[in-house]
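Worksheet: one structure, shown below.
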Amino acid sequence: MKIKLGNLIQLVLSLSLGVGLVYWFINQMTQEEIDATLTSFSQANYFWLIMSLLVGFLSNIVRGQRWRLMLRPVGYYPGFWNTFFSINVMFFANLFIPRLGEVSRCGILAKYEKVPVEKSIGTMVVERVIDLICLLSLLGLLLLLEYDKIIGLLQETFAKKEVVEESSNSILKYGLMATIAIAVIVGAFYIYKKHGLTQLKITIRTRLKGLIEGFVSVRHMNDFGQFVFLTIVMWACYIIMPYLAFFSLAETSHLGIVAGMGCMIFGGFAMVATPGGIGAYPLAVRAMLALYGINEITGGALGTMLWGTQTLGVFLSGIISLILLALMNPSKK
């Protein structure tokens, strides 16, 4: 499989950010804090982390079934197991190269279920738009429920900022904007030189047709009620995952479902920032738990355990799914 230059650059940048966050996270800890973190690991009840992992597997099953519903209006009925395995492979591939998993799962259905890639990508884009709407809606709900806590934490954080930090943040901000602008220009020039303007127009037109069919699939879905139900169940699983993990530590066992929703939201954004959320996910969970008076050591430890459990589960399920795809589809290899 060829890795495009843009994907490689994105991988290096995001992975560097993740490793940098891990280094910073460990380097700023004192020996006492490191010892306290290790103590949290040794005293944790891993039963609840395993239960959280099982709920994650359930969410993949639900996502797979929901995707099957979206493909029916465009005339394709992929098998349950191949679709489920493709979802597992998607999350597995995203551990290494961001957004590679989305392409991988469409490729799996094209290979084993003969679903055209442009049509499955169309439904996948719709799926991502719906998920983004759900995520932003939950974020809005979180802001309403925990407005005082969030505003208080922001005010306390910015009150500690120094003027020097503001200048450094400005440099970082404008440097990031310049980097993005350069990447867009270089990418556009690369596409133009490789394909030419005419071929580029044909490619865009073909892809847009497939995408439009994917969008129409939701509109003409006969099982729309089941689609809505599966969407609710899937997002409930995402919220329950960190909530169950709270019971693994005595210091966080009293936290409620709203705190779990907050960790899911902030953790979700962290997953986009770095491959598999490396470095960023524990920091996001720690920041969220600070709203509820959980100290940084405990918050960081829980975030690390939750991230480690999820990453291990994604890795194992991805490998097993790749093996089972080959074993269960011998005539389609």
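Lettering and numbering for the structure tokens are positional, with chains as A, B, ... in the shown order, residues counted from 1 in each chain, and ligands counted from 1 in the shown order.
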Quiz prompt | Neighbour list for Arg68 (chain A) as a list in words, cut-off 9 Å, only C-alpha atoms, skip fewer than 6 positions in-chain | solution =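 The residues satisfying every condition are Tyr76, Tyr77, Pro78, Gly79, Phe80 and Thr83 of chain A.
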Checklist entry - Hey, what's within 12 Å of Tyr238 (chain A) if we count only C-alpha atoms and toss same-chain stuff fewer than 4 positions away? As a ChimeraX atom specification, please? => result /A:52-60,62-63,131,134-135,138,231-234,242-245,257,260-268,310
Could you save the residues just selected, with C-alpha atoms, as an mmCIF file, in the first residue's frame?
```
data_model
loop_
_atom_site.group_PDB
_atom_site.id
_atom_site.type_symbol
_atom_site.label_atom_id
_atom_site.label_comp_id
_atom_site.auth_asym_id
_atom_site.auth_seq_id
_atom_site.Cartn_x
_atom_site.Cartn_y
_atom_site.Cartn_z
ATOM 1 C CA SER A 52 -15.251 -0.440 29.546
ATOM 2 C CA LEU A 53 -13.383 -2.244 26.766
ATOM 3 C CA LEU A 54 -16.292 -4.634 26.181
ATOM 4 C CA VAL A 55 -18.666 -1.700 25.839
ATOM 5 C CA GLY A 56 -16.280 -0.339 23.217
ATOM 6 C CA PHE A 57 -16.575 -3.581 21.258
ATOM 7 C CA LEU A 58 -20.362 -3.267 21.480
ATOM 8 C CA SER A 59 -20.165 0.232 19.995
ATOM 9 C CA ASN A 60 -18.232 -1.191 17.021
ATOM 10 C CA VAL A 62 -23.589 -1.065 16.529
ATOM 11 C CA ARG A 63 -21.570 1.168 14.174
ATOM 12 C CA ASP A 131 -21.368 11.890 14.290
ATOM 13 C CA CYS A 134 -23.949 14.381 17.745
ATOM 14 C CA LEU A 135 -20.582 15.293 19.262
ATOM 15 C CA LEU A 138 -23.273 16.663 23.458
ATOM 16 C CA THR A 231 -26.979 6.072 16.767
ATOM 17 C CA ILE A 232 -28.281 6.706 20.284
ATOM 18 C CA VAL A 233 -27.007 3.336 21.521
ATOM 19 C CA MET A 234 -23.586 3.901 19.971
ATOM 20 C CA PRO A 242 -15.140 6.340 30.645
ATOM 21 C CA TYR A 243 -17.947 6.216 33.225
ATOM 22 C CA LEU A 244 -17.222 2.547 33.939
ATOM 23 C CA ALA A 245 -13.503 3.335 34.133
ATOM 24 C CA ILE A 257 -22.402 10.012 33.937
ATOM 25 C CA GLY A 260 -18.101 10.427 31.695
ATOM 26 C CA MET A 261 -19.675 12.383 28.858
ATOM 27 C CA GLY A 262 -17.115 15.151 29.344
ATOM 28 C CA CYS A 263 -14.197 12.713 29.224
ATOM 29 C CA MET A 264 -15.636 11.164 26.072
ATOM 30 C CA ILE A 265 -15.935 14.552 24.359
ATOM 31 C CA PHE A 266 -12.500 15.877 25.332
ATOM 32 C CA GLY A 267 -10.946 12.478 24.684
ATOM 33 C CA GLY A 268 -12.559 12.393 21.246
ATOM 34 C CA GLN A 310 -8.652 1.167 24.541
#
```
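The spacing separating CA of Gly279 (chain A) from CA of Arg99 (chain A) amounts to 18.3 Å.
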### Message
Using Å and a single decimal, report how far CA of Gly308 (chain A) sits from CA of Ala273 (chain A).
### Response
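Computed distance, CA of Ala273 (chain A) to CA of Gly308 (chain A), equals 16.7 Å.
When only C-alpha atoms are used to measure the gap to Gln65 (chain A), the shortest distance among A:Ile97, A:Leu230, A:Met288, A:Leu145 belongs to A:Leu230.
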Test item: residues at most 10 Å from Asn295 (chain A), only C-alpha atoms, excluding those fewer than 6 positions along its chain, as number ranges by chain = A: 251, 286-287, 289
query: If you measure from CA of Leu283 (chain A) to CA of Val103 (chain A), what distance in Å do you get, rounded to one decimal?
result: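 Separation between CA of Leu283 (chain A) and CA of Val103 (chain A): 28.7 Å.
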Across A:Lys149, A:Lys114, A:Arg105, A:Arg72, the smallest distance to Leu291 (chain A), with only C-alpha atoms counted, is shown by A:Lys149
Task: All residues 12 Å or closer to Ala326 (chain A), only C-alpha atoms, same chain fewer than 3 positions away omitted, as a list in words - done: Trp81, Asn82, Phe85, Ser86, Ile108, Lys111, Tyr112, Ile319, Ile320, Ser321, Leu322, Ile323, Asn329, Pro330, Ser331, Lys332 and Lys333 of chain A
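The smallest atom-to-atom distance between Cys106 (chain A) and any of A:Leu142, A:Ser137, A:Thr298, A:Trp67, using only C-alpha atoms, is found for A:Trp67.
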